[in-house]
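Source file: start-v4.csv. Holds: CSV, C-alpha atoms.
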chain,number,residue,atom,x,y,z
A,916,ASP,CA,21.7,7.9,24.8
A,917,VAL,CA,18.6,9.5,23.3
A,918,GLY,CA,20.7,12.3,21.7
A,919,ARG,CA,22.8,9.9,19.8
A,920,LEU,CA,19.7,7.9,18.8
A,921,ARG,CA,18.0,11.0,17.5
A,922,LEU,CA,21.2,12.0,15.6
A,923,GLU,CA,21.4,8.5,14.0
A,924,LEU,CA,17.7,8.5,13.1
A,925,VAL,CA,18.0,11.9,11.5
A,926,SER,CA,21.1,10.9,9.4
A,927,VAL,CA,19.8,7.5,8.4
A,928,PHE,CA,16.2,8.7,7.6
A,929,ASN,CA,17.3,11.7,5.6
A,930,ILE,CA,20.2,9.9,3.8
A,931,ASP,CA,17.8,7.0,2.9
A,932,THR,CA,15.4,9.4,1.2
A,933,PHE,CA,18.2,10.8,-1.0
A,934,ARG,CA,19.5,7.3,-1.6
A,935,ARG,CA,16.1,6.2,-3.0
A,936,ILE,CA,16.1,9.1,-5.4
A,937,LEU,CA,19.6,8.3,-6.6
A,938,VAL,CA,19.3,4.5,-6.8
A,939,GLU,CA,15.7,4.2,-8.2
A,940,CYS,CA,15.6,7.1,-10.6
A,941,ILE,CA,18.8,8.9,-11.5
A,942,LEU,CA,21.1,5.9,-11.7
A,943,PRO,CA,18.8,3.7,-13.8
A,944,LEU,CA,18.1,6.6,-16.1
A,945,PHE,CA,21.8,7.2,-16.6
A,946,LEU,CA,22.5,3.5,-17.2
A,947,GLN,CA,19.6,3.2,-19.6
A,948,ARG,CA,20.8,6.2,-21.7
A,949,VAL,CA,24.3,4.8,-21.8
A,950,SER,CA,23.3,1.3,-22.8
A,951,ALA,CA,20.9,2.5,-25.6
A,952,GLY,CA,23.0,1.9,-28.7
A,953,GLU,CA,22.6,1.2,-32.4
A,954,ASP,CA,21.5,-2.4,-31.8
A,955,GLN,CA,18.6,-1.3,-29.7
A,956,LYS,CA,17.6,1.3,-32.2
A,957,PHE,CA,17.7,-1.2,-35.0
A,958,VAL,CA,15.5,-3.6,-33.1
A,959,GLN,CA,13.0,-0.9,-32.2
A,960,GLU,CA,12.8,0.9,-35.6
A,961,GLY,CA,13.9,-1.6,-38.2
A,962,ALA,CA,13.1,-5.1,-37.1
A,963,ILE,CA,9.7,-4.2,-35.7
A,964,LYS,CA,8.7,-2.4,-38.9
A,965,LYS,CA,9.9,-5.3,-41.0
A,966,LYS,CA,7.9,-7.7,-38.9
A,967,TYR,CA,4.6,-5.9,-39.4
A,968,ASP,CA,5.1,-4.8,-43.0
A,969,ASP,CA,3.5,-8.0,-44.3
A,970,ILE,CA,0.5,-7.8,-42.0
A,971,PRO,CA,-2.2,-5.5,-43.5
A,972,GLY,CA,-3.8,-3.1,-41.1
A,973,GLN,CA,-1.3,-3.9,-38.3
A,974,GLU,CA,0.1,-0.8,-36.5
A,975,ARG,CA,3.8,-0.5,-36.1
A,976,THR,CA,4.5,-0.3,-32.4
A,977,PRO,CA,8.2,0.1,-31.6
A,978,SER,CA,7.3,1.2,-28.1
A,979,ILE,CA,6.3,-2.4,-27.3
A,980,ALA,CA,9.8,-3.5,-28.3
A,981,ALA,CA,11.3,-0.8,-26.2
A,982,GLN,CA,9.6,-2.2,-23.1
A,983,THR,CA,11.6,-5.4,-23.5
A,984,PHE,CA,14.9,-3.5,-22.8
A,985,LYS,CA,13.6,-2.2,-19.5
A,986,ASP,CA,13.7,-3.8,-16.1
A,987,GLU,CA,10.6,-5.4,-14.6
A,988,TYR,CA,8.8,-3.4,-12.0
A,989,GLU,CA,9.3,-4.9,-8.5
A,990,GLN,CA,6.6,-3.8,-6.1
A,991,PHE,CA,8.4,-5.6,-3.2
A,992,ASP,CA,11.0,-2.9,-3.0
A,993,ASP,CA,8.5,-0.1,-2.9
A,994,TYR,CA,6.5,-1.9,-0.2
A,995,MET,CA,9.6,-2.5,1.8
A,996,GLU,CA,10.7,1.1,1.7
A,997,MET,CA,7.3,2.3,2.9
A,998,VAL,CA,7.3,-0.2,5.8
A,999,ILE,CA,10.8,0.8,6.8
A,1000,GLU,CA,9.9,4.5,6.7
A,1001,LEU,CA,6.8,3.7,8.8
A,1002,GLY,CA,9.0,2.0,11.3
A,1003,TYR,CA,11.2,5.1,11.6
A,1004,ILE,CA,8.1,7.3,12.1
A,1005,THR,CA,6.2,5.2,14.6
A,1006,LEU,CA,8.7,3.1,16.6
A,1007,PHE,CA,11.0,6.1,17.4
A,1008,ALA,CA,8.4,8.9,17.4
A,1009,SER,CA,9.4,10.2,20.8
A,1010,ALA,CA,13.1,10.3,19.8
A,1011,TYR,CA,12.5,11.9,16.4
A,1012,PRO,CA,9.2,13.8,16.4
A,1013,LEU,CA,9.9,15.6,13.1
A,1014,ALA,CA,10.1,12.3,11.2
A,1015,SER,CA,6.5,12.6,10.1
A,1016,LEU,CA,7.0,16.0,8.6
A,1017,VAL,CA,10.1,14.9,6.8
A,1018,ALA,CA,8.2,11.9,5.5
A,1019,ILE,CA,5.5,14.1,4.1
A,1020,ALA,CA,8.1,16.1,2.1
A,1021,ALA,CA,9.8,12.8,1.1
A,1022,HIS,CA,6.5,11.4,-0.1
A,1023,LEU,CA,5.9,14.4,-2.4
A,1024,VAL,CA,9.1,13.6,-4.1
A,1025,GLU,CA,8.5,9.8,-3.9
A,1026,ILE,CA,5.2,10.1,-5.8
A,1027,ARG,CA,6.7,11.8,-8.7
A,1028,MET,CA,9.8,9.6,-8.6
A,1029,ASP,CA,7.7,6.4,-8.7
A,1030,LEU,CA,5.6,7.9,-11.5
A,1031,PHE,CA,8.7,8.6,-13.5
A,1032,LYS,CA,10.1,5.2,-12.8
A,1033,ILE,CA,7.0,3.3,-13.8
A,1034,THR,CA,6.4,5.3,-17.0
A,1035,ASN,CA,10.0,5.6,-18.2
A,1036,LEU,CA,12.4,3.2,-16.5
A,1037,CYS,CA,10.4,0.0,-16.0
A,1038,GLN,CA,8.2,-2.2,-18.0
A,1039,LYS,CA,4.5,-1.5,-17.7
A,1040,PRO,CA,3.3,-3.5,-14.7
A,1041,ARG,CA,0.5,-6.0,-15.3
A,1042,PRO,CA,-2.7,-4.9,-13.6
A,1043,LEU,CA,-4.0,-7.5,-11.1
A,1044,ARG,CA,-7.3,-7.4,-9.2
A,1045,THR,CA,-6.7,-8.0,-5.5
A,1046,SER,CA,-8.6,-7.6,-2.2
A,1047,GLY,CA,-5.7,-6.2,-0.1
A,1048,ILE,CA,-2.0,-5.9,0.3
A,1049,GLY,CA,-1.5,-9.4,1.7
A,1050,MET,CA,1.2,-9.9,4.4
A,1051,TRP,CA,2.1,-6.2,4.4
A,1052,LYS,CA,-1.1,-5.4,6.2
A,1053,LEU,CA,-0.1,-7.7,9.1
A,1054,LEU,CA,3.4,-6.3,9.2
A,1055,ILE,CA,2.2,-2.7,9.3
A,1056,SER,CA,-0.3,-3.5,12.0
A,1057,SER,CA,2.5,-5.2,14.1
A,1058,ILE,CA,4.7,-2.2,13.7
A,1059,ILE,CA,2.0,0.2,14.8
A,1060,TRP,CA,1.0,-1.9,17.9
A,1061,MET,CA,4.7,-2.3,18.9
A,1062,SER,CA,5.3,1.4,18.6
A,1063,ALA,CA,3.2,2.0,21.8
A,1064,LEU,CA,5.7,-0.1,23.8
A,1065,THR,CA,8.9,1.3,22.2
A,1066,ASN,CA,7.9,4.9,22.6
A,1067,CYS,CA,6.9,4.4,26.2
A,1068,LEU,CA,10.2,2.8,26.9
A,1069,ILE,CA,12.1,5.7,25.3
A,1070,PHE,CA,9.8,8.2,27.0
A,1071,GLY,CA,10.5,6.7,30.5
A,1072,PHE,CA,14.0,5.1,30.5
A,1073,THR,CA,16.1,6.6,27.7
A,1074,SER,CA,15.1,10.2,27.5
A,1075,GLN,CA,14.4,12.8,30.2
A,1076,GLN,CA,10.9,13.5,29.1
A,1077,LEU,CA,9.1,11.7,31.9
A,1078,MET,CA,11.7,13.1,34.4
A,1079,GLN,CA,10.3,16.6,33.6
A,1080,TYR,CA,6.9,15.6,35.1
A,1081,ILE,CA,8.2,13.5,38.1
A,1082,PRO,CA,11.7,14.6,38.9
A,1083,ASP,CA,11.7,13.1,42.4
A,1084,PHE,CA,11.7,9.6,40.9
A,1085,TYR,CA,14.9,10.1,39.0
A,1086,LYS,CA,18.5,11.0,39.7
A,1087,VAL,CA,21.6,11.7,37.5
A,1088,ASP,CA,24.8,10.0,38.5
A,1089,ASP,CA,28.3,11.3,38.2
A,1090,MET,CA,28.6,10.1,34.6
A,1091,GLY,CA,25.5,12.0,33.6
A,1092,HIS,CA,23.4,8.9,33.2
A,1093,LEU,CA,19.8,8.9,34.2
A,1094,ARG,CA,18.9,6.5,37.0
A,1095,LEU,CA,15.8,5.6,39.0
A,1096,GLU,CA,15.5,6.1,42.7
A,1097,LYS,CA,15.8,2.8,44.6
A,1098,GLU,CA,12.5,3.1,46.5
A,1099,LYS,CA,10.5,4.7,43.7
A,1100,GLY,CA,11.7,2.9,40.6
A,1101,TRP,CA,8.8,0.5,40.6
A,1102,ILE,CA,6.4,3.4,40.4
A,1103,VAL,CA,8.1,4.7,37.3
A,1104,ILE,CA,7.9,1.2,35.7
A,1105,PHE,CA,4.2,1.0,36.6
A,1106,ILE,CA,3.5,4.4,35.1
A,1107,ILE,CA,5.3,3.5,31.9
A,1108,PHE,CA,3.5,0.2,31.3
A,1109,ALA,CA,0.2,1.8,32.4
A,1110,VAL,CA,0.6,4.4,29.7
A,1111,GLU,CA,1.5,1.7,27.2
A,1112,ARG,CA,-1.7,-0.3,28.1
A,1113,LEU,CA,-3.7,2.9,27.8
A,1114,LEU,CA,-2.4,3.6,24.4
A,1115,VAL,CA,-3.2,0.1,23.3
A,1116,PHE,CA,-6.7,0.3,24.7
A,1117,ILE,CA,-7.3,3.6,22.9
A,1118,GLY,CA,-6.1,2.0,19.7
A,1119,ILE,CA,-8.5,-1.0,20.1
A,1120,ILE,CA,-11.4,1.4,20.8
A,1121,ILE,CA,-10.5,3.4,17.6
A,1122,ASP,CA,-10.3,0.2,15.6
A,1123,LEU,CA,-13.7,-0.9,16.8
A,1124,VAL,CA,-15.4,2.4,16.4
A,1125,ILE,CA,-14.2,3.4,13.0
A,1126,PRO,CA,-15.4,0.9,10.4
A,1127,THR,CA,-13.1,-0.7,7.9
A,1128,VAL,CA,-15.4,0.2,5.0
A,1129,PRO,CA,-17.2,3.6,5.2
A,1130,GLU,CA,-21.0,3.6,5.5
A,1131,ASP,CA,-21.6,5.4,2.2
A,1132,VAL,CA,-19.4,2.9,0.4
A,1133,GLU,CA,-21.3,0.0,2.0
A,1134,GLU,CA,-24.6,1.6,0.9
A,1135,GLU,CA,-23.3,2.0,-2.6
A,1136,MET,CA,-22.1,-1.6,-2.8
A,1137,GLU,CA,-25.5,-2.8,-1.5
A,1138,ARG,CA,-27.3,-0.7,-4.1
A,1139,ILE,CA,-25.1,-2.1,-6.9
A,1140,GLN,CA,-25.7,-5.7,-5.6
A,1141,PHE,CA,-29.4,-5.1,-5.5
A,1142,LEU,CA,-29.5,-3.8,-9.0
A,1143,LYS,CA,-27.5,-6.8,-10.2
A,1144,LEU,CA,-30.0,-9.1,-8.5
A,1145,GLN,CA,-32.9,-7.3,-10.1
A,1146,GLU,CA,-31.4,-7.6,-13.5
A,1147,LEU,CA,-30.7,-11.3,-12.9
A,1148,LYS,CA,-34.3,-11.8,-12.0
A,1149,LYS,CA,-35.5,-10.0,-15.1
A,1150,LEU,CA,-33.3,-12.2,-17.3
A,1151,ARG,CA,-34.6,-15.3,-15.6
A,1152,ILE,CA,-38.2,-14.2,-16.0
A,1153,ASN,CA,-37.7,-13.3,-19.7
A,1154,SER,CA,-35.9,-16.6,-20.3
A,1155,THR,CA,-38.8,-18.5,-18.7
A,1156,LEU,CA,-41.4,-16.6,-20.6
A,1157,SER,CA,-39.6,-17.1,-23.8
A,1158,SER,CA,-39.4,-20.9,-23.1
A,1159,VAL,CA,-43.1,-21.0,-22.3
A,1160,ARG,CA,-44.0,-19.2,-25.4
A,1161,SER,CA,-41.9,-21.5,-27.5
A,1162,GLN,CA,-43.5,-24.5,-26.0
A,1163,ARG,CA,-47.0,-23.1,-26.5
A,1164,GLN,CA,-46.2,-22.3,-30.1
A,1165,THR,CA,-44.9,-25.8,-30.7
A,1166,ILE,CA,-48.1,-27.3,-29.1
A,1167,TYR,CA,-50.3,-25.0,-31.1
A,1168,ASN,CA,-48.6,-25.9,-34.4
A,1169,SER,CA,-48.8,-29.6,-33.7
A,1170,GLN,CA,-52.6,-29.3,-32.9
A,1171,SER,CA,-53.5,-26.9,-35.7
A,1172,PRO,CA,-56.4,-28.1,-38.0
A,1173,TRP,CA,-54.7,-26.6,-41.1
A,1174,LYS,CA,-51.9,-29.1,-40.7
A,1175,GLY,CA,-54.5,-32.0,-41.0
A,1176,SER,CA,-56.3,-30.5,-44.0
A,1177,LYS,CA,-53.1,-30.0,-45.9
A,1178,GLN,CA,-52.3,-33.7,-45.4
Once you've parsed the file, please lay out its structure as structure tokens.
Amino acid sequence: DVGRLRLELVSVFNIDTFRRILVECILPLFLQRVSAGEDQKFVQEGAIKKKYDDIPGQERTPSIAAQTFKDEYEQFDDYMEMVIELGYITLFASAYPLASLVAIAAHLVEIRMDLFKITNLCQKPRPLRTSGIGMWKLLISSIIWMSALTNCLIFGFTSQQLMQYIPDFYKVDDMGHLRLEKEKGWIVIFIIFAVERLLVFIGIIIDLVIPTVPEDVEEEMERIQFLKLQELKKLRINSTLSSVRSQRQTIYNSQSPWKGSKQ
């Protein structure tokens, strides 16, 4: 029943948005405020000051000690939330078309919530240089490609959306369930999977036409690489010239007549 599916998606999607705000921001902040007692204050203000009193020129940094009382930042949870939300938006787009608009509003809150969580509730994450998001890229791509099939199945079998265009191929039984005509059911199945193949084909064309890296970014990277090579050549030439000059100076000093006259 597409109506029940839509109702369940609306309730789960919206409730999950408020759950993330409560569990990730409000509840940790409340627990952190409750657990902040005199012992933590002593460590932050007294012990740290005493530790650095004997070191001349060393700044007193109680904020560093305060970081030890906070939880470590787990990026896995944030990635998982975004992937689940993407699944709601793409896999069931035909059943819940307003999911994308709700997600935009949720992300406006999510950005500020994550900012508050990283700066106030969690330890400062260690910056790491990486070339991508790892396995999450494969998972996101799989969800996007699978969404073509799931939406076509909902469009043709579960909802009455396709029935509005070809009503002669469907019938409604006494229980109110949607059924296919016996002699025309294979045509409906052919249309559904043809649309699914068309969507996949369009996705492949878009993936091939639109480059992964924009052209201006590639040009800038090539320019930077060219400048690096030029600087490296200059360094090698200067090093070679310096070595040649040093050898010539050594040979000149060894063959100088002044050296023999002094002896």
Check: If you measure from atom CA of Phe1108 of chain A to atom CA of Ile1081 of chain A, what distance in Å do you get, rounded to one decimal?
Finding: 15.7 Å
Notebook entry, point to check: If I put a ball of radius 8 Å at (4.8, -0.8, 12.1) in the file's coordinates, which residues poke into it when counting only C-alpha atoms, written as an MDAnalysis selection string?
Noted result: chainID A and resid 998 1001:1002 1005:1006 1054:1062
Next item on the list: Give the answer as one residue: which of A:Leu1150, A:Leu1064, A:Leu1013, A:Ile1033 has the shortest atom-to-atom distance to Glu989 of chain A, using only C-alpha atoms?
Entry: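 Ranked by minimum distance to Glu989 of chain A, first place goes to A:Ile1033.
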Check: When you draw a straight line from atom CA of Ile1069 of chain A to atom CA of Ser1009 of chain A, how long is it in Å?
Finding: 6.9 Å
Notebook entry, point to check: Hey, can you pull every residue with an atom no more than 12 Å from (11.5, 5.7, 42.9), using only C-alpha atoms, and send it as a VMD selection string?
Noted result: chain A and resid 1078 1081 to 1086 1094 to 1106
Just to be explicit: take each residue in the selection above, keep C-alpha atoms, and write the result as a PDB file, in the coordinates of the input.
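So out20.pdb came out as:
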ATOM      1  CA  MET A1078      11.700  13.100  34.400  1.00  0.00           C
ATOM      2  CA  ILE A1081       8.200  13.500  38.100  1.00  0.00           C
ATOM      3  CA  PRO A1082      11.700  14.600  38.900  1.00  0.00           C
ATOM      4  CA  ASP A1083      11.700  13.100  42.400  1.00  0.00           C
ATOM      5  CA  PHE A1084      11.700   9.600  40.900  1.00  0.00           C
ATOM      6  CA  TYR A1085      14.900  10.100  39.000  1.00  0.00           C
ATOM      7  CA  LYS A1086      18.500  11.000  39.700  1.00  0.00           C
ATOM      8  CA  ARG A1094      18.900   6.500  37.000  1.00  0.00           C
ATOM      9  CA  LEU A1095      15.800   5.600  39.000  1.00  0.00           C
ATOM     10  CA  GLU A1096      15.500   6.100  42.700  1.00  0.00           C
ATOM     11  CA  LYS A1097      15.800   2.800  44.600  1.00  0.00           C
ATOM     12  CA  GLU A1098      12.500   3.100  46.500  1.00  0.00           C
ATOM     13  CA  LYS A1099      10.500   4.700  43.700  1.00  0.00           C
ATOM     14  CA  GLY A1100      11.700   2.900  40.600  1.00  0.00           C
ATOM     15  CA  TRP A1101       8.800   0.500  40.600  1.00  0.00           C
ATOM     16  CA  ILE A1102       6.400   3.400  40.400  1.00  0.00           C
ATOM     17  CA  VAL A1103       8.100   4.700  37.300  1.00  0.00           C
ATOM     18  CA  ILE A1104       7.900   1.200  35.700  1.00  0.00           C
ATOM     19  CA  PHE A1105       4.200   1.000  36.600  1.00  0.00           C
ATOM     20  CA  ILE A1106       3.500   4.400  35.100  1.00  0.00           C
TER      21      ILE A1106
END
Note to self: My list of candidates is A:Leu944, A:Ile936, A:Ile999, A:Leu1077. Which is closest to Cys1037 of chain A when distances are computed with only C-alpha atoms?
What the structure shows: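 Nearest to Cys1037 of chain A: A:Leu944.
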All heavy atoms are what I want for segment 1019-1030 of chain A; can you complete it accordingly and write them as a compact mmCIF listing (two decimals), in the coordinates of the input?
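File rebuild.txt, as written:
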# COMPACT_ATOMS: atom_id res chain seq x y z
N ILE A 1019 6.43 13.49 4.99
CA ILE A 1019 5.50 14.10 4.10
C ILE A 1019 6.24 14.78 2.91
O ILE A 1019 5.85 14.62 1.73
CB ILE A 1019 4.66 15.19 4.83
CG1 ILE A 1019 3.73 14.51 5.85
CG2 ILE A 1019 3.83 16.02 3.85
CD1 ILE A 1019 2.96 15.47 6.72
N ALA A 1020 7.30 15.49 3.21
CA ALA A 1020 8.10 16.10 2.10
C ALA A 1020 8.74 15.03 1.25
O ALA A 1020 8.80 15.17 0.02
CB ALA A 1020 9.17 17.00 2.74
N ALA A 1021 9.18 13.93 1.87
CA ALA A 1021 9.80 12.80 1.10
C ALA A 1021 8.76 12.17 0.19
O ALA A 1021 9.08 11.77 -0.94
CB ALA A 1021 10.43 11.82 2.02
N HIS A 1022 7.53 12.05 0.66
CA HIS A 1022 6.50 11.40 -0.10
C HIS A 1022 6.10 12.24 -1.34
O HIS A 1022 5.73 11.70 -2.39
CB HIS A 1022 5.27 11.10 0.72
CG HIS A 1022 5.47 9.94 1.63
ND1 HIS A 1022 4.60 9.63 2.65
CD2 HIS A 1022 6.45 9.01 1.70
CE1 HIS A 1022 5.02 8.56 3.29
NE2 HIS A 1022 6.16 8.17 2.74
N LEU A 1023 6.14 13.56 -1.21
CA LEU A 1023 5.90 14.40 -2.40
C LEU A 1023 6.87 14.16 -3.48
O LEU A 1023 6.51 14.18 -4.67
CB LEU A 1023 5.89 15.89 -1.93
CG LEU A 1023 4.80 16.32 -0.94
CD1 LEU A 1023 5.00 17.78 -0.53
CD2 LEU A 1023 3.42 16.11 -1.53
N VAL A 1024 8.11 13.92 -3.09
CA VAL A 1024 9.10 13.60 -4.10
C VAL A 1024 8.97 12.13 -4.52
O VAL A 1024 9.15 11.79 -5.70
CB VAL A 1024 10.54 13.83 -3.50
CG1 VAL A 1024 11.61 13.46 -4.52
CG2 VAL A 1024 10.69 15.27 -3.06
N GLU A 1025 8.61 11.25 -3.59
CA GLU A 1025 8.50 9.80 -3.90
C GLU A 1025 7.38 9.55 -4.89
O GLU A 1025 7.52 8.68 -5.76
CB GLU A 1025 8.19 9.06 -2.59
CG GLU A 1025 8.20 7.55 -2.74
CD GLU A 1025 9.59 6.96 -2.67
OE1 GLU A 1025 10.51 7.66 -2.23
OE2 GLU A 1025 9.75 5.79 -3.07
N ILE A 1026 6.28 10.29 -4.82
CA ILE A 1026 5.20 10.10 -5.80
C ILE A 1026 5.62 10.36 -7.18
O ILE A 1026 5.39 9.56 -8.10
CB ILE A 1026 3.98 10.96 -5.36
CG1 ILE A 1026 3.38 10.49 -4.04
CG2 ILE A 1026 2.91 10.94 -6.46
CD1 ILE A 1026 2.31 11.41 -3.49
N ARG A 1027 6.26 11.49 -7.38
CA ARG A 1027 6.70 11.80 -8.70
C ARG A 1027 7.85 10.91 -9.17
O ARG A 1027 7.96 10.59 -10.36
CB ARG A 1027 7.23 13.30 -8.73
CG ARG A 1027 6.12 14.31 -8.47
CD ARG A 1027 5.08 14.25 -9.55
NE ARG A 1027 4.00 15.19 -9.32
CZ ARG A 1027 2.93 15.29 -10.12
NH1 ARG A 1027 2.83 14.52 -11.17
NH2 ARG A 1027 1.98 16.16 -9.83
N MET A 1028 8.66 10.48 -8.25
CA MET A 1028 9.80 9.60 -8.60
C MET A 1028 9.25 8.23 -9.04
O MET A 1028 9.71 7.68 -10.05
CB MET A 1028 10.69 9.44 -7.38
CG MET A 1028 11.94 8.62 -7.66
SD MET A 1028 13.01 8.57 -6.22
CE MET A 1028 11.96 7.66 -5.07
N ASP A 1029 8.27 7.69 -8.32
CA ASP A 1029 7.70 6.40 -8.70
C ASP A 1029 6.94 6.53 -10.04
O ASP A 1029 6.94 5.60 -10.86
CB ASP A 1029 6.75 5.90 -7.63
CG ASP A 1029 7.51 5.44 -6.39
OD1 ASP A 1029 8.72 5.18 -6.51
OD2 ASP A 1029 6.89 5.36 -5.31
N LEU A 1030 6.27 7.66 -10.23
CA LEU A 1030 5.60 7.90 -11.50
C LEU A 1030 6.56 7.89 -12.66
O LEU A 1030 6.32 7.26 -13.71
CB LEU A 1030 4.81 9.21 -11.44
CG LEU A 1030 4.09 9.63 -12.72
CD1 LEU A 1030 3.01 8.63 -13.10
CD2 LEU A 1030 3.49 11.03 -12.55
